[in-house]
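Containing PDB, C-alpha atoms, pLDDT in the B column: data30.pdb.
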ATOM      1  CA  MET L  16     -19.252  15.743 -33.202  1.00 57.00           C
ATOM      2  CA  ALA L  17     -17.611  15.755 -36.620  1.00 61.00           C
ATOM      3  CA  ALA L  18     -18.287  12.768 -38.865  1.00 62.00           C
ATOM      4  CA  SER L  19     -14.587  11.806 -38.831  1.00 73.00           C
ATOM      5  CA  GLU L  20     -14.303  11.791 -35.005  1.00 87.00           C
ATOM      6  CA  HIS L  21     -14.317   8.332 -33.496  1.00 89.00           C
ATOM      7  CA  ARG L  22     -16.206   7.960 -30.246  1.00 92.00           C
ATOM      8  CA  PRO L  23     -14.771   5.012 -28.304  1.00 92.00           C
ATOM      9  CA  THR L  24     -17.137   2.115 -27.757  1.00 96.00           C
ATOM     10  CA  ASP L  25     -17.910   0.726 -24.313  1.00 94.00           C
ATOM     11  CA  GLY L  26     -15.561  -2.149 -25.119  1.00 96.00           C
ATOM     12  CA  GLU L  27     -12.737   0.167 -26.135  1.00 96.00           C
ATOM     13  CA  ARG L  28     -13.159   2.303 -23.006  1.00 95.00           C
ATOM     14  CA  PHE L  29     -13.266  -0.878 -20.898  1.00 95.00           C
ATOM     15  CA  GLU L  30     -10.042  -2.162 -22.462  1.00 96.00           C
ATOM     16  CA  GLU L  31      -8.302   1.176 -21.897  1.00 96.00           C
ATOM     17  CA  PHE L  32      -9.557   1.452 -18.289  1.00 95.00           C
ATOM     18  CA  VAL L  33      -8.631  -2.113 -17.316  1.00 95.00           C
ATOM     19  CA  GLY L  34      -5.328  -1.907 -19.178  1.00 97.00           C
ATOM     20  CA  LEU L  35      -4.286   1.308 -17.439  1.00 96.00           C
ATOM     21  CA  VAL L  36      -5.351   0.128 -13.979  1.00 95.00           C
ATOM     22  CA  SER L  37      -3.582  -3.208 -14.479  1.00 96.00           C
ATOM     23  CA  ALA L  38      -0.420  -1.537 -15.770  1.00 97.00           C
ATOM     24  CA  LEU L  39      -0.403   0.871 -12.806  1.00 95.00           C
ATOM     25  CA  GLU L  40      -0.771  -2.026 -10.368  1.00 95.00           C
ATOM     26  CA  LYS L  41       2.029  -3.985 -12.058  1.00 97.00           C
ATOM     27  CA  GLU L  42       4.373  -0.996 -11.868  1.00 96.00           C
ATOM     28  CA  VAL L  43       3.561  -0.384  -8.200  1.00 93.00           C
ATOM     29  CA  GLN L  44       4.234  -4.066  -7.456  1.00 93.00           C
ATOM     30  CA  ARG L  45       7.508  -3.955  -9.424  1.00 95.00           C
ATOM     31  CA  ILE L  46       8.686  -0.859  -7.550  1.00 93.00           C
ATOM     32  CA  ARG L  47       7.677  -2.404  -4.226  1.00 91.00           C
ATOM     33  CA  ALA L  48       9.610  -5.585  -5.074  1.00 93.00           C
ATOM     34  CA  VAL L  49      12.739  -3.608  -5.985  1.00 94.00           C
ATOM     35  CA  GLU L  50      12.556  -1.531  -2.804  1.00 91.00           C
ATOM     36  CA  CYS L  51      11.833  -4.582  -0.649  1.00 91.00           C
ATOM     37  CA  GLU L  52      14.854  -6.369  -2.077  1.00 93.00           C
ATOM     38  CA  ARG L  53      17.002  -3.293  -1.448  1.00 91.00           C
ATOM     39  CA  LEU L  54      15.803  -3.172   2.168  1.00 89.00           C
ATOM     40  CA  GLY L  55      15.871  -6.949   2.690  1.00 88.00           C
ATOM     41  CA  LEU L  56      12.107  -7.163   3.235  1.00 90.00           C
ATOM     42  CA  ARG L  57       9.083  -8.919   1.777  1.00 85.00           C
ATOM     43  CA  GLY L  58       5.993  -7.033   0.555  1.00 81.00           C
ATOM     44  CA  ALA L  59       3.844  -7.689   3.614  1.00 85.00           C
ATOM     45  CA  ASP L  60       6.833  -6.902   5.868  1.00 90.00           C
ATOM     46  CA  LEU L  61       7.190  -3.530   4.174  1.00 90.00           C
ATOM     47  CA  MET L  62       3.525  -2.645   4.675  1.00 90.00           C
ATOM     48  CA  CYS L  63       3.623  -3.751   8.317  1.00 92.00           C
ATOM     49  CA  LEU L  64       6.721  -1.648   8.985  1.00 93.00           C
ATOM     50  CA  TYR L  65       5.207   1.304   7.154  1.00 93.00           C
ATOM     51  CA  CYS L  66       1.984   1.164   9.185  1.00 94.00           C
ATOM     52  CA  LEU L  67       3.855   0.676  12.452  1.00 95.00           C
ATOM     53  CA  GLY L  68       6.066   3.626  11.555  1.00 93.00           C
ATOM     54  CA  ARG L  69       2.982   5.819  11.104  1.00 93.00           C
ATOM     55  CA  ALA L  70       1.418   4.758  14.413  1.00 92.00           C
ATOM     56  CA  GLN L  71       2.045   7.036  17.386  1.00 85.00           C
ATOM     57  CA  THR L  72       2.061   4.065  19.755  1.00 88.00           C
ATOM     58  CA  GLY L  73       2.130   0.288  19.400  1.00 89.00           C
ATOM     59  CA  ILE L  74      -0.838  -1.188  17.579  1.00 94.00           C
ATOM     60  CA  THR L  75      -2.330  -4.663  17.596  1.00 93.00           C
ATOM     61  CA  ALA L  76      -1.799  -7.225  14.868  1.00 92.00           C
ATOM     62  CA  ALA L  77      -5.524  -7.031  14.092  1.00 92.00           C
ATOM     63  CA  GLU L  78      -5.297  -3.252  13.582  1.00 94.00           C
ATOM     64  CA  LEU L  79      -2.085  -3.703  11.604  1.00 94.00           C
ATOM     65  CA  SER L  80      -3.901  -6.150   9.318  1.00 94.00           C
ATOM     66  CA  ARG L  81      -6.626  -3.558   8.655  1.00 94.00           C
ATOM     67  CA  ARG L  82      -4.193  -0.679   8.089  1.00 94.00           C
ATOM     68  CA  ALA L  83      -1.788  -2.654   5.881  1.00 91.00           C
ATOM     69  CA  GLY L  84      -4.559  -4.270   3.872  1.00 89.00           C
ATOM     70  CA  VAL L  85      -3.191  -7.776   4.341  1.00 89.00           C
ATOM     71  CA  THR L  86      -4.626 -10.861   5.995  1.00 92.00           C
ATOM     72  CA  ARG L  87      -4.087 -11.634   9.652  1.00 91.00           C
ATOM     73  CA  ALA L  88      -2.124 -14.709   8.605  1.00 92.00           C
ATOM     74  CA  ALA L  89       0.220 -12.550   6.488  1.00 92.00           C
ATOM     75  CA  VAL L  90       0.629 -10.126   9.406  1.00 93.00           C
ATOM     76  CA  SER L  91       1.393 -13.020  11.734  1.00 92.00           C
ATOM     77  CA  ARG L  92       4.085 -14.345   9.363  1.00 93.00           C
ATOM     78  CA  SER L  93       5.523 -10.854   8.862  1.00 93.00           C
ATOM     79  CA  LEU L  94       5.611 -10.079  12.555  1.00 93.00           C
ATOM     80  CA  ALA L  95       7.394 -13.370  13.265  1.00 93.00           C
ATOM     81  CA  GLN L  96       9.984 -12.516  10.597  1.00 93.00           C
ATOM     82  CA  LEU L  97      10.321  -8.885  11.697  1.00 95.00           C
ATOM     83  CA  GLU L  98      10.603  -9.855  15.363  1.00 94.00           C
ATOM     84  CA  LYS L  99      13.252 -12.454  14.495  1.00 94.00           C
ATOM     85  CA  GLY L 100      15.143  -9.709  12.625  1.00 94.00           C
ATOM     86  CA  GLY L 101      14.912  -7.402  15.644  1.00 96.00           C
ATOM     87  CA  LEU L 102      12.755  -4.812  13.837  1.00 96.00           C
ATOM     88  CA  VAL L 103       9.601  -5.110  15.940  1.00 95.00           C
ATOM     89  CA  SER L 104       8.720  -5.869  19.499  1.00 94.00           C
ATOM     90  CA  VAL L 105       5.582  -7.906  20.144  1.00 89.00           C
ATOM     91  CA  ALA L 106       4.228  -7.794  23.682  1.00 85.00           C
ATOM     92  CA  PRO L 107       3.623 -11.230  25.187  1.00 82.00           C
ATOM     93  CA  ALA L 108       0.031 -12.477  24.864  1.00 72.00           C
ATOM     94  CA  SER L 109      -1.847 -13.177  28.055  1.00 71.00           C
ATOM     95  CA  ASP L 110      -3.424 -16.243  26.414  1.00 63.00           C
ATOM     96  CA  GLU L 111      -3.453 -17.913  22.981  1.00 59.00           C
ATOM     97  CA  GLY L 112      -6.759 -16.406  21.872  1.00 56.00           C
ATOM     98  CA  ARG L 113      -5.551 -12.840  22.384  1.00 62.00           C
ATOM     99  CA  ALA L 114      -2.374 -12.879  20.274  1.00 66.00           C
ATOM    100  CA  TYR L 115      -3.879 -10.423  17.772  1.00 70.00           C
ATOM    101  CA  ARG L 116      -4.727  -7.972  20.568  1.00 82.00           C
ATOM    102  CA  VAL L 117      -1.276  -7.329  22.020  1.00 88.00           C
ATOM    103  CA  PRO L 118       0.621  -4.199  21.022  1.00 92.00           C
ATOM    104  CA  VAL L 119       3.343  -4.350  18.402  1.00 94.00           C
ATOM    105  CA  SER L 120       5.898  -1.570  18.034  1.00 93.00           C
ATOM    106  CA  LEU L 121       9.076  -0.780  16.168  1.00 95.00           C
ATOM    107  CA  THR L 122      12.441  -1.308  17.830  1.00 95.00           C
ATOM    108  CA  ASP L 123      15.326   1.099  17.315  1.00 95.00           C
ATOM    109  CA  ALA L 124      16.491  -1.115  14.429  1.00 96.00           C
ATOM    110  CA  GLY L 125      12.952  -1.022  13.044  1.00 95.00           C
ATOM    111  CA  ARG L 126      12.951   2.781  13.157  1.00 94.00           C
ATOM    112  CA  GLU L 127      16.281   2.793  11.294  1.00 94.00           C
ATOM    113  CA  THR L 128      14.803   0.532   8.627  1.00 94.00           C
ATOM    114  CA  MET L 129      11.762   2.824   8.490  1.00 93.00           C
ATOM    115  CA  ALA L 130      14.093   5.694   7.624  1.00 93.00           C
ATOM    116  CA  GLY L 131      15.035   3.710   4.506  1.00 92.00           C
ATOM    117  CA  VAL L 132      11.378   3.012   3.779  1.00 91.00           C
ATOM    118  CA  ASP L 133      10.538   6.707   4.166  1.00 94.00           C
ATOM    119  CA  GLU L 134      13.399   7.627   1.833  1.00 94.00           C
ATOM    120  CA  ALA L 135      12.122   5.173  -0.790  1.00 92.00           C
ATOM    121  CA  VAL L 136       8.561   6.482  -0.456  1.00 92.00           C
ATOM    122  CA  SER L 137       9.780  10.067  -0.835  1.00 95.00           C
ATOM    123  CA  ARG L 138      11.889   9.182  -3.869  1.00 94.00           C
ATOM    124  CA  VAL L 139       9.016   7.356  -5.587  1.00 93.00           C
ATOM    125  CA  MET L 140       6.406   9.998  -4.758  1.00 94.00           C
ATOM    126  CA  SER L 141       8.713  12.772  -5.924  1.00 95.00           C
ATOM    127  CA  ARG L 142       8.904  11.085  -9.332  1.00 94.00           C
ATOM    128  CA  VAL L 143       5.143  10.529  -9.398  1.00 92.00           C
ATOM    129  CA  ASP L 144       4.471  14.114  -8.304  1.00 92.00           C
ATOM    130  CA  SER L 145       6.668  15.454 -11.098  1.00 94.00           C
ATOM    131  CA  ALA L 146       4.243  14.012 -13.662  1.00 94.00           C
ATOM    132  CA  LEU L 147       1.373  16.314 -12.626  1.00 94.00           C
ATOM    133  CA  GLU L 148       0.757  19.828 -11.397  1.00 95.00           C
ATOM    134  CA  ASP L 149      -0.760  20.044  -7.891  1.00 94.00           C
ATOM    135  CA  ASP L 150      -4.286  20.794  -9.130  1.00 96.00           C
ATOM    136  CA  ALA L 151      -4.190  17.973 -11.660  1.00 96.00           C
ATOM    137  CA  ARG L 152      -2.909  15.526  -9.044  1.00 94.00           C
ATOM    138  CA  THR L 153      -5.637  16.561  -6.603  1.00 95.00           C
ATOM    139  CA  GLN L 154      -8.240  16.074  -9.325  1.00 96.00           C
ATOM    140  CA  LEU L 155      -6.750  12.718 -10.329  1.00 95.00           C
ATOM    141  CA  TYR L 156      -6.908  11.367  -6.777  1.00 94.00           C
ATOM    142  CA  ALA L 157     -10.463  12.668  -6.337  1.00 96.00           C
ATOM    143  CA  SER L 158     -11.453  11.035  -9.620  1.00 96.00           C
ATOM    144  CA  LEU L 159      -9.808   7.746  -8.680  1.00 95.00           C
ATOM    145  CA  GLY L 160     -11.637   7.822  -5.345  1.00 96.00           C
ATOM    146  CA  SER L 161     -14.943   8.393  -7.133  1.00 96.00           C
ATOM    147  CA  VAL L 162     -14.271   5.539  -9.546  1.00 95.00           C
ATOM    148  CA  LEU L 163     -13.341   3.261  -6.649  1.00 93.00           C
ATOM    149  CA  GLU L 164     -16.580   4.048  -4.811  1.00 94.00           C
ATOM    150  CA  CYS L 165     -18.546   3.423  -7.986  1.00 94.00           C
ATOM    151  CA  LEU L 166     -16.853   0.070  -8.554  1.00 92.00           C
ATOM    152  CA  ARG L 167     -17.405  -0.932  -4.929  1.00 92.00           C
ATOM    153  CA  GLY L 168     -21.102  -0.222  -5.394  1.00 92.00           C
ATOM    154  CA  ILE L 169     -21.253  -2.356  -8.528  1.00 92.00           C
ATOM    155  CA  GLY L 170     -19.423  -5.264  -6.929  1.00 73.00           C
ATOM    156  CA  ARG L 171     -21.765  -5.518  -3.957  1.00 76.00           C
TER     157      ARG L 171
END
Structure re-expressed in structure tokens:
Amino acid sequence: MAASEHRPTDGERFEEFVGLVSALEKEVQRIRAVECERLGLRGADLMCLYCLGRAQTGITAAELSRRAGVTRAAVSRSLAQLEKGGLVSVAPASDEGRAYRVPVSLTDAGRETMAGVDEAVSRVMSRVDSALEDDARTQLYASLGSVLECLRGIGR
């Protein structure tokens, strides 16, 4: 290394890493908020619809919570709102303790809304994809996955 080259310190690398990750998260949240407003949805509603749209058959609220990465309480609130709006159909529970185990599925109106969600996802991912060549994108995602696994190991 040449004498004039500056090697970033741990602190500088930390600041850059945390700053970039935080900025990425903020931009994703901003885009999600804009798209949710356009579609008349809330963030958790969007993720529930998205996961239901990807399911081949109805899935339970518990499974929806896992797939969407939101709490069961958030799923419950979203499903109540989405059912009220006619976007999902929730099968009746056989008893109170089994409400999270009944299938939930999209209605025809929910599938129409999902078409708008899919269009938004395609539009956003097209812009993201344009920033990198295929090989670079593949490497980026692999690297991010490796970093995530490393951080999970540290946090446990």
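Taking CA of Ala88 in chain L and CA of Arg57 in chain L as the two end points, the separation is 14.3 Å.
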Hits from the PyMOL selection byres ((chain L and resi 49-51) around 10), listed as a compact mmCIF listing (two decimals) with C-alpha atoms, keeping the file's coordinate frame:
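For reference, expr.txt as written:
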# COMPACT_ATOMS: atom_id res chain seq x y z
CA VAL L 43 3.56 -0.38 -8.20
CA GLN L 44 4.23 -4.07 -7.46
CA ARG L 45 7.51 -3.96 -9.42
CA ILE L 46 8.69 -0.86 -7.55
CA ARG L 47 7.68 -2.40 -4.23
CA ALA L 48 9.61 -5.58 -5.07
CA GLU L 52 14.85 -6.37 -2.08
CA ARG L 53 17.00 -3.29 -1.45
CA LEU L 54 15.80 -3.17 2.17
CA GLY L 55 15.87 -6.95 2.69
CA LEU L 56 12.11 -7.16 3.24
CA ARG L 57 9.08 -8.92 1.78
CA GLY L 58 5.99 -7.03 0.56
CA ALA L 59 3.84 -7.69 3.61
CA ASP L 60 6.83 -6.90 5.87
CA LEU L 61 7.19 -3.53 4.17
CA GLY L 131 15.04 3.71 4.51
CA VAL L 132 11.38 3.01 3.78
CA ALA L 135 12.12 5.17 -0.79
CA VAL L 136 8.56 6.48 -0.46
CA VAL L 139 9.02 7.36 -5.59
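Of the residues under consideration (L:Arg167, L:Arg142, L:Arg116, L:Arg152), L:Arg116 shows the shortest atom-to-atom contact distance to Ala77 in chain L when counting only C-alpha atoms.
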* To do: Just say which residues the PyMOL selection byres ((chain L and resi 76) around 12) picks in this file, as JSON, numbers by chain.
  => {"L": [63, 64, 66, 67, 73, 74, 75, 77, 78, 79, 80, 81, 82, 83, 84, 85, 86, 87, 88, 89, 90, 91, 92, 93, 94, 95, 103, 104, 105, 106, 108, 113, 114, 115, 116, 117, 118, 119, 120]}
* Asked: How many Å lie between CA of Gly125 in chain L and CA of Thr72 in chain L, rounded to one decimal?
  -> 13.8 Å
Report the centre and edge lengths, in Å to one decimal, of an axis-aligned box enclosing every atom of range 83-90 of chain L listed in the file, padded by 3 Å on each side, as AutoDock Vina command-line options.
--center_x -2.0 --center_y -8.7 --center_z 6.8 --size_x 11.3 --size_y 18.1 --size_z 11.8
* **Straight-line distance linking CA of Leu166 in chain L with CA of Ser141 in chain L, stated in Å to one decimal** =>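 Spanning CA of Leu166 in chain L to CA of Ser141 in chain L is a straight-line distance of 28.7 Å.
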Using all atoms listed in the file - which residues lie no farther than 9 Å from the point (15.3, -2.5, 19.7) in the file's frame? Write them as a compact mmCIF listing (two decimals) with C-alpha atoms, in the frame of the given file.
# COMPACT_ATOMS: atom_id res chain seq x y z
CA GLY L 101 14.91 -7.40 15.64
CA LEU L 102 12.76 -4.81 13.84
CA VAL L 103 9.60 -5.11 15.94
CA SER L 104 8.72 -5.87 19.50
CA LEU L 121 9.08 -0.78 16.17
CA THR L 122 12.44 -1.31 17.83
CA ASP L 123 15.33 1.10 17.32
CA ALA L 124 16.49 -1.12 14.43
CA GLY L 125 12.95 -1.02 13.04
CA ARG L 126 12.95 2.78 13.16
* Asked: Pick the closest to Asp133 in chain L from L:Ser19, L:Pro107, L:Glu98, L:Tyr65: which is it, counting all atoms listed in the file?
  -> L:Tyr65
